[in-house]
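Containing compact mmCIF, C-alpha atoms: work_12.txt.
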# COMPACT_ATOMS: atom_id res chain seq x y z
CA MET W 455 87.79 69.72 158.00
CA LYS W 456 91.17 69.30 159.69
CA ILE W 457 93.58 67.31 157.56
CA LEU W 458 96.64 65.34 158.62
CA ILE W 459 99.01 64.24 155.85
CA LEU W 460 101.28 61.39 156.88
CA PHE W 461 104.09 61.55 154.34
CA ALA W 462 106.49 58.68 153.76
CA HIS W 463 109.35 58.57 151.27
CA PRO W 464 112.72 57.08 152.26
CA ARG W 465 114.59 58.80 149.41
CA LEU W 466 112.81 62.08 148.90
CA SER W 467 115.84 63.84 147.40
CA GLY W 468 115.71 61.46 144.44
CA SER W 469 111.96 61.66 143.96
CA HIS W 470 110.33 63.34 140.97
CA VAL W 471 106.60 63.11 141.65
CA GLN W 472 106.43 62.86 145.43
CA ARG W 473 108.83 65.76 145.83
CA ALA W 474 106.45 67.93 143.79
CA LEU W 475 103.41 66.77 145.78
CA HIS W 476 105.34 67.26 149.02
CA ASP W 477 106.18 70.86 148.12
CA ALA W 478 102.60 71.59 147.04
CA VAL W 479 100.91 70.72 150.32
CA ARG W 480 103.45 70.81 153.14
CA ASP W 481 102.81 74.47 154.03
CA LEU W 482 99.08 74.71 153.34
CA PRO W 483 97.20 76.60 156.10
CA GLY W 484 94.95 74.33 158.12
CA VAL W 485 96.79 71.20 157.01
CA THR W 486 99.23 69.32 159.25
CA PHE W 487 102.05 67.83 157.18
CA HIS W 488 103.95 65.11 159.06
CA ASP W 489 107.03 63.54 157.42
CA LEU W 490 107.38 60.16 159.09
CA TYR W 491 110.91 59.41 157.89
CA ALA W 492 112.11 62.83 159.02
CA ALA W 493 110.40 62.45 162.40
CA TYR W 494 111.48 58.85 163.01
CA PRO W 495 114.73 58.06 161.16
CA ASP W 496 115.32 55.09 163.48
CA PHE W 497 111.66 53.94 163.30
CA THR W 498 111.14 54.61 167.03
CA ILE W 499 107.59 55.90 166.70
CA ASP W 500 106.06 57.98 169.48
CA VAL W 501 102.71 56.22 169.70
CA GLY W 502 101.14 58.70 172.10
CA HIS W 503 102.07 61.65 169.90
CA GLU W 504 100.75 59.95 166.77
CA GLN W 505 97.48 59.06 168.45
CA SER W 506 97.08 62.66 169.62
CA LEU W 507 97.52 63.83 166.04
CA LEU W 508 94.86 61.41 164.85
CA LEU W 509 92.41 62.56 167.51
CA ASP W 510 92.91 66.17 166.45
CA HIS W 511 92.14 65.65 162.74
CA ASP W 512 89.19 64.55 160.63
CA LEU W 513 90.90 63.28 157.48
CA ILE W 514 94.14 61.30 157.46
CA VAL W 515 95.99 61.17 154.15
CA LEU W 516 98.70 58.57 153.64
CA GLN W 517 100.94 60.14 150.98
CA HIS W 518 103.61 57.82 149.61
CA PRO W 519 105.09 56.11 146.57
CA PHE W 520 103.44 52.81 145.74
CA TYR W 521 106.25 50.37 146.59
CA TRP W 522 105.71 46.69 145.84
CA TYR W 523 101.93 47.10 145.74
CA SER W 524 101.96 48.75 149.15
CA ALA W 525 103.67 51.55 151.05
CA PRO W 526 107.18 52.26 152.36
CA ALA W 527 108.12 50.29 155.46
CA ILE W 528 107.58 53.07 157.98
CA ILE W 529 103.87 53.21 157.18
CA LYS W 530 103.51 49.51 158.04
CA GLU W 531 105.41 50.16 161.28
CA TRP W 532 103.16 53.14 162.00
CA LEU W 533 100.00 51.11 161.40
CA ASP W 534 101.23 48.22 163.56
CA LEU W 535 102.10 50.42 166.52
CA VAL W 536 99.69 53.36 166.45
CA LEU W 537 96.39 51.63 165.64
CA GLU W 538 96.22 49.72 168.89
CA LEU W 539 93.60 47.20 169.97
CA GLY W 540 91.23 48.89 172.38
CA TRP W 541 92.07 52.30 170.95
CA ALA W 542 91.57 52.12 167.19
CA TYR W 543 89.58 48.89 166.94
CA GLY W 544 88.10 46.06 168.99
CA PRO W 545 86.35 46.45 172.36
CA GLY W 546 86.53 50.11 173.35
CA GLY W 547 88.46 50.94 170.19
CA ASP W 548 86.33 53.82 168.93
CA LYS W 549 88.79 56.71 168.81
CA LEU W 550 88.83 56.91 165.00
CA HIS W 551 85.12 56.45 164.41
CA ARG W 552 83.64 58.67 161.69
CA LYS W 553 87.01 59.95 160.52
CA PHE W 554 88.26 59.58 156.94
CA LEU W 555 91.29 57.88 155.39
CA MET W 556 92.75 58.37 151.92
CA ASN W 557 95.89 57.25 150.09
CA ALA W 558 97.75 59.70 147.84
CA ILE W 559 100.17 57.63 145.80
CA SER W 560 102.50 57.71 142.84
CA THR W 561 103.50 54.75 140.68
CA GLY W 562 106.25 54.09 138.19
CA GLY W 563 103.97 51.98 136.02
CA ALA W 564 101.36 53.23 133.60
CA GLU W 565 97.68 53.26 134.57
CA ALA W 566 96.99 50.56 131.97
CA ALA W 567 99.24 48.20 133.94
CA TYR W 568 96.90 48.46 136.93
CA ARG W 569 93.96 46.65 135.38
CA ARG W 570 92.71 43.08 135.39
CA GLN W 571 94.14 42.62 131.89
CA GLY W 572 97.32 44.55 132.69
CA ARG W 573 100.74 43.48 133.86
CA ASN W 574 99.83 43.92 137.54
CA ARG W 575 96.58 41.92 137.23
CA PHE W 576 94.58 44.09 139.64
CA ASP W 577 93.37 47.67 139.58
CA ILE W 578 94.74 50.19 142.03
CA THR W 579 91.70 50.09 144.32
CA GLU W 580 92.05 46.32 144.69
CA LEU W 581 95.74 46.60 145.49
CA LEU W 582 94.95 49.19 148.16
CA SER W 583 92.36 46.90 149.78
CA PRO W 584 94.40 46.43 152.99
CA PHE W 585 94.13 50.17 153.66
CA ASN W 586 90.44 50.08 152.78
CA GLN W 587 89.82 47.25 155.26
CA SER W 588 92.00 48.86 157.94
CA ALA W 589 89.90 52.01 157.70
CA HIS W 590 86.68 50.00 157.94
CA LEU W 591 87.90 48.03 160.95
CA CYS W 592 88.65 51.33 162.70
CA GLY W 593 85.22 52.78 161.92
CA MET W 594 86.57 55.19 159.31
CA ALA W 595 85.33 56.01 155.83
CA TYR W 596 87.83 55.15 153.10
CA LEU W 597 88.03 57.60 150.21
CA GLN W 598 89.02 56.87 146.65
CA PRO W 599 92.77 57.29 146.29
CA PHE W 600 94.52 60.13 144.56
CA ALA W 601 96.96 58.45 142.19
CA ILE W 602 99.58 59.65 139.75
CA PHE W 603 100.67 56.94 137.32
CA ALA W 604 103.82 56.59 135.22
CA GLY W 605 105.59 59.21 137.28
CA ARG W 606 108.98 58.75 135.67
CA TRP W 607 107.61 59.65 132.25
CA LEU W 608 105.58 62.71 133.19
CA THR W 609 106.57 65.96 131.53
CA GLY W 610 107.05 69.02 133.69
CA GLU W 611 103.74 70.40 132.45
CA ASP W 612 101.87 67.17 133.16
CA LEU W 613 103.33 66.97 136.65
CA SER W 614 102.38 70.58 137.32
CA ILE W 615 98.77 69.80 136.38
CA LYS W 616 98.67 66.70 138.59
CA THR W 617 100.24 68.58 141.48
CA SER W 618 97.68 71.36 141.13
CA ASP W 619 94.90 68.75 141.12
CA TYR W 620 96.19 67.28 144.37
CA GLN W 621 96.54 70.64 146.05
CA GLY W 622 93.03 71.56 144.91
CA LEU W 623 91.63 68.32 146.32
CA ILE W 624 93.25 68.86 149.71
CA GLU W 625 92.12 72.49 149.85
CA GLY W 626 88.60 71.57 148.72
CA LEU W 627 88.25 68.94 151.43
CA ARG W 628 89.75 71.27 154.02
CA ASP W 629 87.40 74.13 153.17
CA GLY W 630 84.25 72.01 152.80
CA HIS W 631 83.88 72.66 149.07
CA ILE W 632 84.27 68.92 148.48
CA ASP W 633 82.09 66.59 150.54
CA PRO W 634 84.20 63.55 151.47
CA MET W 635 81.08 61.39 151.37
CA THR W 636 80.97 61.96 147.59
CA ARG W 637 84.49 60.53 147.28
CA LEU W 638 84.05 57.16 148.95
CA ALA W 639 86.07 54.38 147.37
CA LYS W 640 84.26 52.39 144.70
CA GLY W 641 81.85 49.93 146.32
CA TYR W 642 82.79 51.01 149.84
CA THR W 643 80.29 50.18 152.59
CA LEU W 644 80.36 52.63 155.48
CA PRO W 645 81.12 51.21 158.95
CA LEU W 646 78.28 51.00 161.47
CA ALA W 647 79.66 54.06 163.27
CA PHE W 648 78.40 56.28 160.45
CA GLU W 649 74.93 54.72 160.50
CA GLU W 650 74.77 55.20 164.26
CA GLN W 651 75.66 58.85 163.77
CA ARG W 652 72.93 59.26 161.15
CA LEU W 653 70.30 57.68 163.41
CA GLN W 654 71.38 59.84 166.32
CA LYS W 655 71.00 62.99 164.24
CA LYS W 656 67.58 61.80 163.09
CA ARG W 657 66.43 61.26 166.68
CA HIS W 658 67.62 64.73 167.69
CA ALA W 659 65.81 66.26 164.71
CA THR W 660 62.51 64.72 165.78
Using the file provided, produce a representation of the structure as structure tokens.
Amino acid sequence: MKILILFAHPRLSGSHVQRALHDAVRDLPGVTFHDLYAAYPDFTIDVGHEQSLLLDHDLIVLQHPFYWYSAPAIIKEWLDLVLELGWAYGPGGDKLHRKFLMNAISTGGAEAAYRRQGRNRFDITELLSPFNQSAHLCGMAYLQPFAIFAGRWLTGEDLSIKTSDYQGLIEGLRDGHIDPMTRLAKGYTLPLAFEEQRLQKKRHAT
């Protein structure tokens, strides 16, 4: 599986967790690591280039800190411009069908805060619902997020373990040791594009 990591952090030099994750995966063989803030410091996104990258990969990972229950601003800009009507969704918009999308995030708050009874009132999968729905609209499968909580309080040893887990997940998906279909987000219903693919394979088999 070819993996594209779209990385977004506006202040990477001051980051604790995302800097470690960044360093763990940016040079992995067979993985394209694309730093959006480095590529587009003025937010002038090359839509054609970004769409070409998407076409050339199977799994798109949005790696970012979890700012205000969402992502840094450049990811919103990227989504608005790159996922065009007639290309990514809507009539004729089938270019991302049967690809996969996943968020890899870090939070300042503890995991307990991201529960119905917690300070943030929703769990992390609910708060990431806009990404889940965006994937579904584009005919993609949305995977359960990789999340590191309470980043500011992690010890060096704890962060090393979490970083290794992330690297292992990316490598496992890349090498086919981890089936992405076993990592669908909780309660996720696959888009029709996947059912059409299954029926097509069944017809060919008979």
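With CA of Leu458 (chain W) on one side and CA of Gln621 (chain W) on the other, the separation reads 13.6 Å.
Counting all atoms listed in the file and comparing W:Asn574, W:Ser614, W:Thr636, W:Asn557, the residue that lies closest to Ala589 (chain W) is W:Asn557.
Distances here use all atoms listed in the file; by that measure, the residue among W:Glu625, W:Glu649, W:Asp496, W:Asp619 closest to His551 (chain W) is W:Glu649.
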Which residue out of W:Trp522, W:Arg628, W:Pro545, W:Leu482 has the minimum interatomic distance to Leu581 (chain W) when all atoms listed in the file are used? W:Trp522
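Picture a line from CA of Leu490 (chain W) to CA of Pro464 (chain W); it runs 9.2 Å.
Remark: for Val471 (chain W), the closest of the candidate residues W:Ser560, W:Thr486, W:Ser524, W:Thr498 is W:Ser560 (distances computed over all atoms listed in the file).
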d(CA of Ala558 (chain W), CA of Pro599 (chain W)) in Å: 5.7 Å
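Counting all atoms listed in the file, the residue from W:Phe603, W:Tyr642, W:Phe487, W:Trp541 that sits nearest to Phe520 (chain W) is W:Phe603.
Among the candidates W:Glu538, W:Glu650, W:Asp512, W:Asp489, the one nearest to Ser588 (chain W) when counting all atoms listed in the file is W:Glu538.
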